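Participant: Take a look at query-v5.txt, compact mmCIF, C-alpha atoms:
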# COMPACT_ATOMS: atom_id res chain seq x y z
CA MET A 310 28.87 23.10 4.69
CA GLY A 311 28.22 22.93 0.95
CA HIS A 312 26.20 20.17 -0.60
CA ALA A 313 28.22 17.28 -2.02
CA SER A 314 27.92 16.54 -5.71
CA VAL A 315 25.88 13.41 -6.31
CA ARG A 316 26.24 11.53 -9.59
CA THR A 317 22.90 10.67 -11.14
CA ARG A 318 22.59 6.99 -12.04
CA SER A 319 20.33 5.83 -14.84
CA ARG A 320 17.56 3.29 -14.27
CA SER A 321 19.58 0.55 -15.99
CA GLU A 322 22.61 1.32 -13.79
CA ILE A 323 20.45 1.04 -10.67
CA TRP A 324 19.11 -2.31 -11.94
CA GLN A 325 22.66 -3.58 -12.62
CA GLY A 326 23.58 -2.56 -9.09
CA PHE A 327 21.64 -5.55 -7.76
CA GLU A 328 23.37 -8.93 -7.51
CA ALA A 329 22.33 -11.56 -10.06
CA THR A 330 20.36 -13.52 -7.47
CA GLU A 331 18.75 -10.31 -6.25
CA ARG A 332 17.67 -9.42 -9.80
CA ARG A 333 15.93 -12.78 -10.09
CA GLU A 334 14.19 -12.19 -6.76
CA VAL A 335 13.17 -8.66 -7.70
CA GLY A 336 11.77 -9.76 -11.06
CA THR A 337 9.73 -12.60 -9.61
CA VAL A 338 8.29 -10.50 -6.79
CA ILE A 339 7.26 -7.77 -9.24
CA VAL A 340 5.45 -10.39 -11.34
CA SER A 341 3.77 -11.96 -8.30
CA THR A 342 2.77 -8.50 -7.08
CA LEU A 343 1.04 -7.86 -10.39
CA GLN A 344 -0.90 -11.12 -10.07
CA SER A 345 -1.83 -10.75 -6.40
CA GLN A 346 -2.71 -7.07 -6.41
CA SER A 347 -4.86 -7.28 -9.54
CA THR A 348 -7.03 -9.83 -7.79
CA SER A 349 -7.12 -7.76 -4.60
CA ALA A 350 -8.24 -4.69 -6.56
CA LEU A 351 -11.02 -6.71 -8.17
CA LEU A 352 -12.12 -8.11 -4.81
CA LEU A 353 -12.19 -4.67 -3.13
CA LEU A 354 -14.34 -3.23 -5.91
CA LEU A 355 -16.74 -6.15 -5.65
CA LEU A 356 -16.98 -5.85 -1.85
CA SER A 357 -17.79 -2.15 -2.15
CA LEU A 358 -20.50 -2.79 -4.73
CA LEU A 359 -21.87 -5.72 -2.71
CA ALA A 360 -22.07 -3.62 0.47
CA LEU A 361 -23.89 -0.86 -1.39
CA ARG A 362 -26.34 -3.36 -2.89
CA VAL A 363 -27.10 -5.13 0.40
CA THR A 364 -27.40 -2.04 2.63
CA GLY A 365 -28.50 0.60 0.13
CA SER A 366 -26.49 3.22 2.04
CA PRO A 367 -23.34 5.07 0.89
CA ALA A 368 -22.13 4.93 4.51
CA SER A 369 -21.63 1.15 4.17
CA ALA A 370 -18.41 1.54 2.18
CA PRO A 371 -16.58 3.51 4.93
CA LEU A 372 -17.87 0.97 7.47
CA VAL A 373 -16.27 -1.81 5.43
CA VAL A 374 -13.00 0.13 5.64
CA ALA A 375 -13.48 0.61 9.41
CA VAL A 376 -13.84 -3.13 9.95
CA GLY A 377 -10.80 -3.72 7.79
CA ALA A 378 -8.72 -1.41 10.01
CA LEU A 379 -9.10 -3.58 13.12
CA PRO A 380 -6.73 -6.48 12.30
CA ALA A 381 -3.64 -4.26 12.04
CA LEU A 382 -4.23 -3.22 15.67
CA LEU A 383 -5.31 -6.57 17.07
CA LEU A 384 -2.59 -8.62 15.37
CA VAL A 385 0.44 -6.36 15.78
CA ARG A 386 2.25 -8.75 18.14
CA ALA A 387 1.50 -11.74 15.93
CA VAL A 388 2.62 -9.88 12.83
CA ARG A 389 5.95 -8.92 14.39
CA PHE A 390 6.50 -12.43 15.76
CA VAL A 391 5.75 -14.13 12.43
CA ASN A 392 7.95 -11.74 10.45
CA GLN A 393 10.81 -12.34 12.87
CA LEU A 394 10.72 -16.11 12.40
CA VAL A 395 9.26 -16.83 8.96
CA ASP A 396 10.78 -15.95 5.60
CA HIS A 397 9.06 -12.87 4.14
CA ARG A 398 8.22 -14.70 0.90
CA TRP A 399 6.38 -17.42 2.80
CA VAL A 400 4.44 -14.80 4.77
CA MET A 401 3.31 -13.18 1.51
CA LEU A 402 2.39 -16.57 0.06
CA LEU A 403 0.33 -17.65 3.06
CA SER A 404 -1.39 -14.25 3.23
CA ASP A 405 -2.63 -14.68 -0.34
CA ALA A 406 -3.75 -18.22 0.52
CA GLY A 407 -5.95 -16.79 3.26
CA ALA A 408 -7.35 -14.21 0.84
CA LEU A 409 -8.27 -17.05 -1.51
CA VAL A 410 -10.31 -18.73 1.23
CA VAL A 411 -12.16 -15.45 1.88
CA ALA A 412 -12.92 -14.99 -1.82
CA VAL A 413 -14.26 -18.53 -2.20
CA THR A 414 -16.42 -18.18 0.92
CA LEU A 415 -17.97 -14.91 -0.26
CA TRP A 416 -18.57 -16.39 -3.70
CA GLN A 417 -20.46 -19.31 -2.17
CA LEU A 418 -22.55 -17.00 0.02
CA VAL A 419 -23.55 -14.84 -2.95
CA ARG A 420 -24.36 -17.96 -4.99
CA ALA A 421 -26.65 -19.14 -2.20
CA GLY A 422 -28.47 -15.80 -2.43
CA GLY A 423 -28.47 -15.12 1.29
CA VAL A 424 -25.49 -12.85 1.92
CA HIS A 425 -25.95 -10.37 4.77
CA ALA A 426 -24.14 -7.18 5.69
CA TRP A 427 -22.42 -8.76 8.69
CA GLN A 428 -20.98 -11.47 6.43
CA ILE A 429 -19.50 -8.82 4.15
CA TYR A 430 -17.95 -7.08 7.14
CA ALA A 431 -16.62 -10.40 8.47
CA GLY A 432 -15.15 -11.17 5.07
CA MET A 433 -13.45 -7.79 4.97
CA PHE A 434 -12.08 -8.33 8.49
CA LEU A 435 -10.52 -11.65 7.50
CA PHE A 436 -9.24 -10.26 4.21
CA ALA A 437 -7.60 -7.36 6.09
CA ALA A 438 -6.23 -9.76 8.72
CA PHE A 439 -4.24 -11.64 6.08
CA GLY A 440 -3.22 -8.31 4.55
CA ALA A 441 -1.89 -7.17 7.95
CA PHE A 442 0.81 -9.84 7.62
CA TYR A 443 1.47 -9.14 3.94
CA LEU A 444 2.55 -5.47 4.01
CA PRO A 445 5.28 -5.72 6.72
CA ALA A 446 6.62 -8.84 4.99
CA MET A 447 6.71 -7.06 1.63
CA ARG A 448 8.41 -3.97 3.07
CA GLY A 449 10.86 -6.09 5.02
CA TRP A 450 11.77 -7.93 1.84
CA VAL A 451 12.17 -4.64 -0.05
CA ALA A 452 14.52 -3.22 2.60
CA GLY A 453 16.56 -6.42 2.56
CA GLN A 454 17.12 -6.19 -1.19
CA THR A 455 18.23 -2.55 -1.33
CA THR A 456 21.08 -0.37 -0.10
CA GLY A 457 20.52 3.38 0.00
CA LEU A 458 17.61 5.63 -0.87
CA GLU A 459 18.24 5.51 -4.63
CA GLN A 460 17.84 1.72 -4.91
CA LEU A 461 14.97 1.79 -2.44
CA THR A 462 13.09 4.41 -4.47
CA TRP A 463 13.75 2.45 -7.68
CA LEU A 464 12.35 -0.79 -6.23
CA ASN A 465 9.36 0.93 -4.60
CA ALA A 466 8.63 2.68 -7.90
CA MET A 467 8.79 -0.61 -9.85
CA LEU A 468 6.51 -2.31 -7.33
CA ALA A 469 4.18 0.68 -7.61
CA VAL A 470 4.17 0.22 -11.39
CA ALA A 471 3.23 -3.44 -10.94
CA THR A 472 0.57 -2.51 -8.41
CA GLN A 473 -0.93 0.13 -10.66
CA ALA A 474 -0.86 -2.27 -13.60
CA ALA A 475 -2.80 -4.63 -11.35
CA VAL A 476 -5.28 -1.84 -10.62
CA VAL A 477 -5.78 -1.37 -14.36
CA VAL A 478 -6.59 -5.05 -14.70
CA GLY A 479 -8.63 -5.34 -11.50
CA TRP A 480 -10.70 -2.17 -11.74
CA ALA A 481 -11.17 -1.97 -15.50
CA LEU A 482 -12.10 -5.66 -15.65
CA GLY A 483 -14.12 -5.42 -12.44
CA GLY A 484 -16.19 -2.50 -13.68
CA VAL A 485 -17.03 -4.37 -16.88
CA LEU A 486 -17.68 -7.68 -15.12
CA ALA A 487 -19.93 -6.20 -12.44
CA SER A 488 -22.02 -4.51 -15.12
CA SER A 489 -22.21 -7.60 -17.36
CA ILE A 490 -22.00 -10.95 -15.55
CA GLY A 491 -22.83 -9.57 -12.08
CA ILE A 492 -21.12 -9.72 -8.70
CA GLU A 493 -21.57 -13.49 -8.29
CA GLY A 494 -19.72 -14.40 -11.47
CA SER A 495 -17.07 -11.77 -10.78
CA LEU A 496 -16.36 -13.23 -7.33
CA GLY A 497 -15.93 -16.65 -8.91
CA LEU A 498 -13.34 -15.26 -11.33
CA CYS A 499 -11.67 -13.50 -8.41
CA ALA A 500 -11.29 -16.78 -6.53
CA LEU A 501 -9.92 -18.48 -9.66
CA SER A 502 -7.37 -15.69 -10.13
CA TYR A 503 -6.17 -16.06 -6.54
CA ALA A 504 -5.70 -19.79 -7.11
CA VAL A 505 -3.60 -19.15 -10.24
CA GLY A 506 -1.56 -16.55 -8.37
CA LEU A 507 -0.84 -18.94 -5.52
CA VAL A 508 0.48 -21.56 -7.92
CA LEU A 509 2.69 -18.93 -9.58
CA GLN A 510 4.11 -17.67 -6.28
CA PHE A 511 4.73 -21.19 -4.96
CA VAL A 512 6.62 -22.17 -8.10
CA VAL A 513 8.73 -18.98 -8.07
CA PHE A 514 9.38 -18.62 -4.35
CA VAL A 515 9.67 -22.25 -3.28
CA VAL A 516 10.40 -24.43 -6.31
CA ILE A 517 12.73 -22.10 -8.25
CA ASN A 518 14.23 -19.86 -5.56
CA GLY A 519 14.12 -22.47 -2.80
CA ALA A 520 12.78 -20.22 -0.06
CA SER A 521 12.95 -21.94 3.33
CA PHE A 522 9.99 -21.53 5.66
CA ARG A 523 11.99 -20.25 8.62
CA LYS A 524 14.51 -17.47 8.44
CA PRO A 525 18.13 -18.65 8.75
CA THR A 526 19.59 -18.51 12.25
CA GLY A 527 21.25 -15.16 12.79
CA ALA A 528 19.23 -13.39 10.11
CA PRO A 529 17.95 -9.92 10.99
CA GLY A 530 14.93 -10.09 13.22
CA THR A 531 15.57 -13.63 14.44
CA GLY A 532 16.91 -14.96 17.67
CA ALA A 533 19.78 -17.40 17.82
CA SER A 534 18.87 -21.02 18.29
CA GLY A 535 20.13 -23.10 21.16
CA THR A 536 21.06 -21.35 24.39
CA ALA A 537 19.54 -17.91 24.82
CA GLU A 538 21.16 -15.05 26.60
CA PRO A 539 20.02 -14.63 30.22
CA HIS A 540 18.27 -11.34 29.57
CA ALA A 541 16.82 -12.20 26.14
CA ALA A 542 13.24 -11.48 27.19
CA ALA A 543 14.19 -8.13 28.66
CA ASP A 544 16.21 -7.31 25.55
CA ARG A 545 13.23 -8.12 23.33
CA ALA A 546 10.97 -5.91 25.44
CA SER A 547 13.52 -3.11 25.28
CA ALA A 548 13.84 -3.55 21.52
CA THR A 549 10.06 -3.38 21.15
CA THR A 550 9.92 -0.15 23.13
CA GLY A 551 12.81 1.20 21.08
CA VAL A 552 11.02 0.58 17.78
CA TRP A 553 7.92 2.44 18.98
CA ARG A 554 10.05 5.32 20.25
CA ASP A 555 12.15 5.56 17.09
CA VAL A 556 9.15 5.49 14.76
CA PHE A 557 6.75 7.79 16.63
CA SER A 558 8.81 10.15 18.79
CA PRO A 559 8.61 13.73 17.40
CA ARG A 560 12.27 14.15 18.38
CA ARG A 561 13.29 11.22 16.18
CA LEU A 562 11.23 10.05 13.19
CA GLY A 563 7.74 10.93 14.41
CA LEU A 564 7.13 13.77 11.94
CA PHE A 565 8.19 11.65 8.96
CA THR A 566 5.92 8.87 10.22
CA ALA A 567 3.06 11.37 10.65
CA ALA A 568 3.46 12.54 7.04
CA LEU A 569 3.23 8.95 5.79
CA LEU A 570 0.26 8.23 8.07
CA LEU A 571 -1.67 11.28 6.85
CA MET A 572 -0.99 10.37 3.22
CA GLU A 573 -2.11 6.75 3.72
CA LEU A 574 -5.23 7.86 5.60
CA THR A 575 -6.14 10.24 2.78
CA HIS A 576 -5.88 7.46 0.21
CA THR A 577 -7.75 4.93 2.36
CA LEU A 578 -10.62 7.17 3.43
CA GLY A 579 -10.89 8.81 0.01
CA PHE A 580 -10.94 5.42 -1.65
CA SER A 581 -13.71 4.24 0.67
CA MET A 582 -15.89 6.98 -0.84
CA PHE A 583 -14.64 6.54 -4.41
CA VAL A 584 -17.31 4.08 -5.59
CA PRO A 585 -20.36 5.90 -4.12
CA LEU A 586 -18.86 9.24 -5.22
CA LEU A 587 -18.74 8.23 -8.88
CA THR A 588 -21.57 5.70 -9.11
CA GLY A 589 -24.14 6.89 -6.57
CA GLY A 590 -24.70 3.19 -5.79
CA ALA A 591 -25.91 2.38 -9.33
CA ALA A 592 -24.32 -0.78 -10.74
CA ASP A 593 -24.77 0.43 -14.32
CA ARG A 594 -22.45 3.37 -13.54
CA SER A 595 -19.67 1.13 -12.20
CA TRP A 596 -17.84 1.59 -15.52
CA ILE A 597 -17.13 5.20 -14.50
CA ALA A 598 -15.34 4.16 -11.31
CA GLY A 599 -13.56 1.33 -13.09
CA THR A 600 -12.40 3.53 -15.97
CA ALA A 601 -11.31 6.38 -13.69
CA ASN A 602 -9.23 4.10 -11.50
CA ALA A 603 -7.79 2.29 -14.53
CA CYS A 604 -6.71 5.63 -16.07
CA PHE A 605 -5.23 6.67 -12.74
CA ALA A 606 -3.29 3.41 -12.61
CA LEU A 607 -1.96 3.78 -16.17
CA ALA A 608 -0.79 7.31 -15.40
CA ALA A 609 0.73 6.13 -12.10
CA MET A 610 2.67 3.43 -13.98
CA ILE A 611 4.18 6.10 -16.21
CA SER A 612 4.95 8.22 -13.17
CA GLY A 613 6.58 5.27 -11.40
CA VAL A 614 8.90 4.61 -14.34
CA LEU A 615 9.84 8.29 -14.62
CA VAL A 616 10.72 8.77 -10.94
CA SER A 617 12.47 5.39 -10.52
CA GLY A 618 15.86 6.81 -11.47
CA GLY A 619 17.79 9.37 -13.45
CA ALA A 620 17.67 13.13 -13.08
CA LEU A 621 13.87 13.27 -12.82
CA GLY A 622 13.83 10.69 -10.05
CA GLN A 623 16.46 12.57 -8.07
CA TRP A 624 14.60 15.85 -8.64
CA THR A 625 11.32 14.29 -7.42
CA ARG A 626 12.94 12.87 -4.28
CA ALA A 627 14.33 16.32 -3.43
CA ARG A 628 10.90 17.95 -3.92
CA ALA A 629 8.59 15.22 -2.66
CA PRO A 630 6.52 17.54 -0.37
CA GLN A 631 5.74 19.94 -3.21
CA VAL A 632 4.80 17.13 -5.61
CA VAL A 633 2.52 15.59 -2.96
CA LEU A 634 0.80 18.93 -2.35
CA VAL A 635 0.19 19.54 -6.06
CA GLY A 636 -1.22 16.02 -6.43
CA PHE A 637 -3.75 16.53 -3.65
CA CYS A 638 -4.73 19.94 -5.06
CA VAL A 639 -5.61 18.25 -8.36
CA GLN A 640 -7.53 15.62 -6.40
CA ILE A 641 -9.61 18.41 -4.86
CA VAL A 642 -10.52 19.64 -8.33
CA PHE A 643 -11.43 16.05 -9.24
CA GLY A 644 -13.80 15.89 -6.27
CA LEU A 645 -15.53 19.01 -7.55
CA SER A 646 -15.94 17.55 -11.06
CA VAL A 647 -17.49 14.12 -10.48
CA ALA A 648 -20.75 15.20 -12.12
CA HIS A 649 -18.90 15.25 -15.45
CA PRO A 650 -17.53 11.70 -16.05
CA VAL A 651 -15.06 12.50 -18.84
CA TRP A 652 -13.61 15.52 -17.02
CA ALA A 653 -13.41 13.57 -13.76
CA ILE A 654 -11.65 10.62 -15.41
CA GLY A 655 -9.10 12.97 -16.98
CA LEU A 656 -8.39 14.74 -13.70
CA TYR A 657 -7.95 11.45 -11.88
CA ALA A 658 -5.39 10.46 -14.52
CA VAL A 659 -3.46 13.66 -13.71
CA VAL A 660 -3.52 12.65 -10.04
CA GLY A 661 -1.92 9.39 -11.16
CA LEU A 662 0.84 11.25 -13.02
CA LEU A 663 1.68 13.10 -9.82
CA SER A 664 1.66 9.96 -7.65
CA GLY A 665 5.43 9.68 -8.00
CA GLY A 666 5.58 12.07 -5.06
CA ASP A 667 3.79 9.47 -2.94
CA ALA A 668 6.42 6.85 -3.81
CA ALA A 669 9.19 9.33 -2.99
CA LEU A 670 7.60 10.15 0.38
CA GLN A 671 7.18 6.48 1.25
CA SER A 672 10.75 5.65 0.22
CA GLU A 673 12.20 8.51 2.26
CA VAL A 674 10.33 7.45 5.40
CA GLN A 675 11.19 3.78 4.90
CA ASP A 676 14.86 4.65 4.38
CA ARG A 677 14.87 6.57 7.67
CA TRP A 678 13.24 3.55 9.35
CA ARG A 679 16.14 1.23 8.44
CA PRO A 680 17.92 1.42 11.83
CA ALA A 681 14.72 0.27 13.57
CA GLY A 682 14.15 -2.56 11.04
CA SER A 683 11.69 -2.06 8.19
CA SER A 684 9.37 -5.00 8.90
CA GLN A 685 9.27 -4.15 12.62
CA ALA A 686 8.67 -0.46 11.88
CA PHE A 687 5.85 -1.27 9.47
CA ALA A 688 4.28 -3.60 12.04
CA VAL A 689 4.11 -0.91 14.74
CA PHE A 690 3.09 1.64 12.11
CA GLY A 691 0.21 -0.66 11.19
CA ALA A 692 -0.80 -0.84 14.85
CA VAL A 693 -1.35 2.92 14.80
CA GLN A 694 -2.62 3.11 11.23
CA GLY A 695 -5.36 0.57 11.99
CA PRO A 696 -7.03 2.55 14.82
CA ALA A 697 -6.56 5.76 12.82
CA GLN A 698 -8.38 4.19 9.87
CA LEU A 699 -11.07 2.88 12.21
CA VAL A 700 -11.69 6.28 13.80
CA GLY A 701 -11.49 8.01 10.43
CA SER A 702 -13.86 5.57 8.75
CA LEU A 703 -16.40 5.85 11.56
CA ALA A 704 -16.15 9.64 11.38
CA VAL A 705 -16.67 9.52 7.61
CA ALA A 706 -19.65 7.18 7.99
CA ALA A 707 -21.19 9.52 10.58
CA LEU A 708 -20.63 12.58 8.40
CA LEU A 709 -22.22 10.84 5.41
CA THR A 710 -25.49 10.61 7.32
CA CYS A 711 -25.84 14.40 7.23
CA LEU A 712 -23.51 15.57 4.43
CA SER A 713 -23.08 14.64 0.78
CA VAL A 714 -20.38 12.22 -0.32
CA GLY A 715 -18.64 14.98 -2.29
CA THR A 716 -18.44 17.31 0.71
CA VAL A 717 -16.92 14.68 2.98
CA TYR A 718 -14.50 13.58 0.25
CA LEU A 719 -13.25 17.13 -0.30
CA GLY A 720 -12.85 17.76 3.43
CA THR A 721 -10.79 14.59 3.80
CA VAL A 722 -8.39 15.53 1.00
CA VAL A 723 -8.02 19.13 2.18
CA VAL A 724 -7.33 18.31 5.84
CA LEU A 725 -5.35 15.08 5.63
CA GLY A 726 -3.89 15.16 2.13
CA LEU A 727 -2.54 18.69 2.20
CA GLY A 728 -1.51 18.12 5.80
CA SER A 729 0.78 15.24 4.80
CA GLY A 730 2.82 17.43 2.46
CA LEU A 731 3.07 20.23 5.01
CA VAL A 732 4.16 17.85 7.79
CA LEU A 733 6.86 16.38 5.52
CA MET A 734 8.17 19.90 4.91
CA LEU A 735 8.33 20.46 8.67
CA ALA A 736 10.03 17.09 9.23
CA ARG A 737 12.70 17.88 6.66
CA SER A 738 13.35 21.31 8.15
CA ARG A 739 14.03 19.71 11.54
CA ALA A 740 16.02 16.70 10.29
CA GLU A 741 19.75 16.57 10.90
CA ALA A 742 20.60 15.51 7.34
CA PRO A 743 18.56 17.33 4.69
CA PRO A 744 18.34 15.77 1.22
CA PRO A 745 21.05 16.81 -1.25
CA ARG A 746 20.32 19.73 -3.55
CA VAL A 747 20.00 18.69 -7.18
CA GLU A 748 19.43 20.51 -10.39
CA ALA A 749 16.11 20.30 -12.21
CA PRO A 750 16.11 17.77 -15.08
CA VAL A 751 16.77 19.16 -18.52
Transcribe the structure of this file into structure tokens.
Facilitator:
Amino acid sequence: MGHASVRTRSRSEIWQGFEATERREVGTVIVSTLQSQSTSALLLLLLSLLALRVTGSPASAPLVVAVGALPALLLVRAVRFVNQLVDHRWVMLLSDAGALVVAVTLWQLVRAGGVHAWQIYAGMFLFAAFGAFYLPAMRGWVAGQTTGLEQLTWLNAMLAVATQAAVVVGWALGGVLASSIGIEGSLGLCALSYAVGLVLQFVVFVVINGASFRKPTGAPGTGASGTAEPHAAADRASATTGVWRDVFSPRRLGLFTAALLLMELTHTLGFSMFVPLLTGGAADRSWIAGTANACFALAAMISGVLVSGGALGQWTRARAPQVVLVGFCVQIVFGLSVAHPVWAIGLYAVVGLLSGGDAALQSEVQDRWRPAGSSQAFAVFGAVQGPAQLVGSLAVAALLTCLSVGTVYLGTVVVLGLGSGLVLMLARSRAEAPPPRVEAPV
């Protein structure tokens, strides 16, 4: 059968394809994402620097990531239950409220001058616990606002632009703040930023858009009120088993899920070594990490806009595995060049330009997850991603006791990063409906 001709829609046409109320929702969530994620980026940088300062070991950063991987596993049932009953916007709002409490607590501990390593790990655990509720809620909201892969890729790309803009603010500002006013003052500003963000989200979600706390009766993922069907419990158990089988079975969507998991693990484990890789634990070199990540984020913003629609976006979606592979190859060269700050910063910016392939991969997997329910699929995905991050982080920490940070970083990108692109190629070759063939953009 020949490939059907697909008309390429411009970015503005994709935007106009949303209903008026949906456009208001999309705009407000993008703004709130910018506010929330900028603060999260700042907090993560500060926690990495604080762990290095307290322990004096580069292995402490991967251990922080290992602790942060536990909540996704331990809370999977709670995450699915909450996202079935509570409006996704309220879940995101309450998750950020919990992060605010963590930031204030850590700030007070540092001010008292007696912070210990276990308190940093506990803070990261709680921070990740609130984040475990945030991501499925965000992805469930995204899936509910879009129809088709084109809209889904557009919205994911725009959210990625907002997230990367937040990284520019969080990391560039964090690198300067940590070097100038110190970690204590930076944590105080972090807590203040979370407070401002909470006010913004409450006004937008609740006051303006009138989000109700509970999902309406009959909404996807909710049970009907009143009398339940006789076999409701059995049906829920069967549905739970079905989600796991749909998402992870190699005969269904397992290979697509594996490609996304490998990509996410590469980013998470690589990022856990990012600060010690570029700074060597020296606070006065934190500007290098901050500048590199800010340049990456600026380039990723450009990439997100370019792949969000039009001919280039369609071309990128069709060739997502190849773009992902090229991006990780450049990241390998970056890992070999960290001794030269300017060269390393430039290479990391190129990695950002190629990050549109990551958004295309994520959108393709999420689009294939639709029949299982996006928020439910992300919840069970998180239950596997958490242990995988835990095992990976512990392995990285163990390797760092006998190998250099650069060696472990390169091995992670080669094995997991390149593996994600290759697995996506295999998944596409075995899928029943391959992506449409499109011409390269002129």
Participant: Using only C-alpha atoms, list the residues that have an atom at most 10 Å from (11.8, 12.0, -6.6), coordinates as in the file, as JSON, numbers by chain.
Facilitator: {"A": [459, 462, 463, 466, 613, 615, 616, 617, 618, 619, 620, 621, 622, 623, 624, 625, 626, 627, 628, 629, 630, 632, 665, 666, 667, 668, 669, 670, 672, 673]}
Participant: Neighbouring residues of Ala500 in chain A were defined as those with any atom within 10 Å, considering only C-alpha atoms; residues of the same chain fewer than 2 positions away were excluded. Please report them as a compact mmCIF listing (two decimals) with C-alpha atoms, in the coordinates of the input.
Facilitator:
# COMPACT_ATOMS: atom_id res chain seq x y z
CA THR A 348 -7.03 -9.83 -7.79
CA LEU A 352 -12.12 -8.11 -4.81
CA ALA A 408 -7.35 -14.21 0.84
CA LEU A 409 -8.27 -17.05 -1.51
CA VAL A 410 -10.31 -18.73 1.23
CA VAL A 411 -12.16 -15.45 1.88
CA ALA A 412 -12.92 -14.99 -1.82
CA VAL A 413 -14.26 -18.53 -2.20
CA THR A 414 -16.42 -18.18 0.92
CA LEU A 415 -17.97 -14.91 -0.26
CA TRP A 416 -18.57 -16.39 -3.70
CA SER A 495 -17.07 -11.77 -10.78
CA LEU A 496 -16.36 -13.23 -7.33
CA GLY A 497 -15.93 -16.65 -8.91
CA LEU A 498 -13.34 -15.26 -11.33
CA SER A 502 -7.37 -15.69 -10.13
CA TYR A 503 -6.17 -16.06 -6.54
CA ALA A 504 -5.70 -19.79 -7.11
CA VAL A 505 -3.60 -19.15 -10.24
CA GLY A 506 -1.56 -16.55 -8.37
Participant: Taking into account only C-alpha atoms, which residue in the set A:Leu733, A:Val552, A:Leu509, A:Val693 is nearest to Leu634 in chain A?
Facilitator: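 Under the stated criterion, the closest residue is A:Leu733.
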Participant: Please compute the CA of Val639 in chain A-CA of Leu656 in chain A distance, one decimal, in Å.
Facilitator: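 Taking CA of Val639 in chain A as the start and CA of Leu656 in chain A as the end point, the length is 7.0 Å.
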Participant: Using CA of Val647 in chain A and CA of Ala603 in chain A as the two end points, give the distance in Å to one decimal.
Facilitator: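 Atom-to-atom, CA of Val647 in chain A to CA of Ala603 in chain A, that is 15.8 Å.
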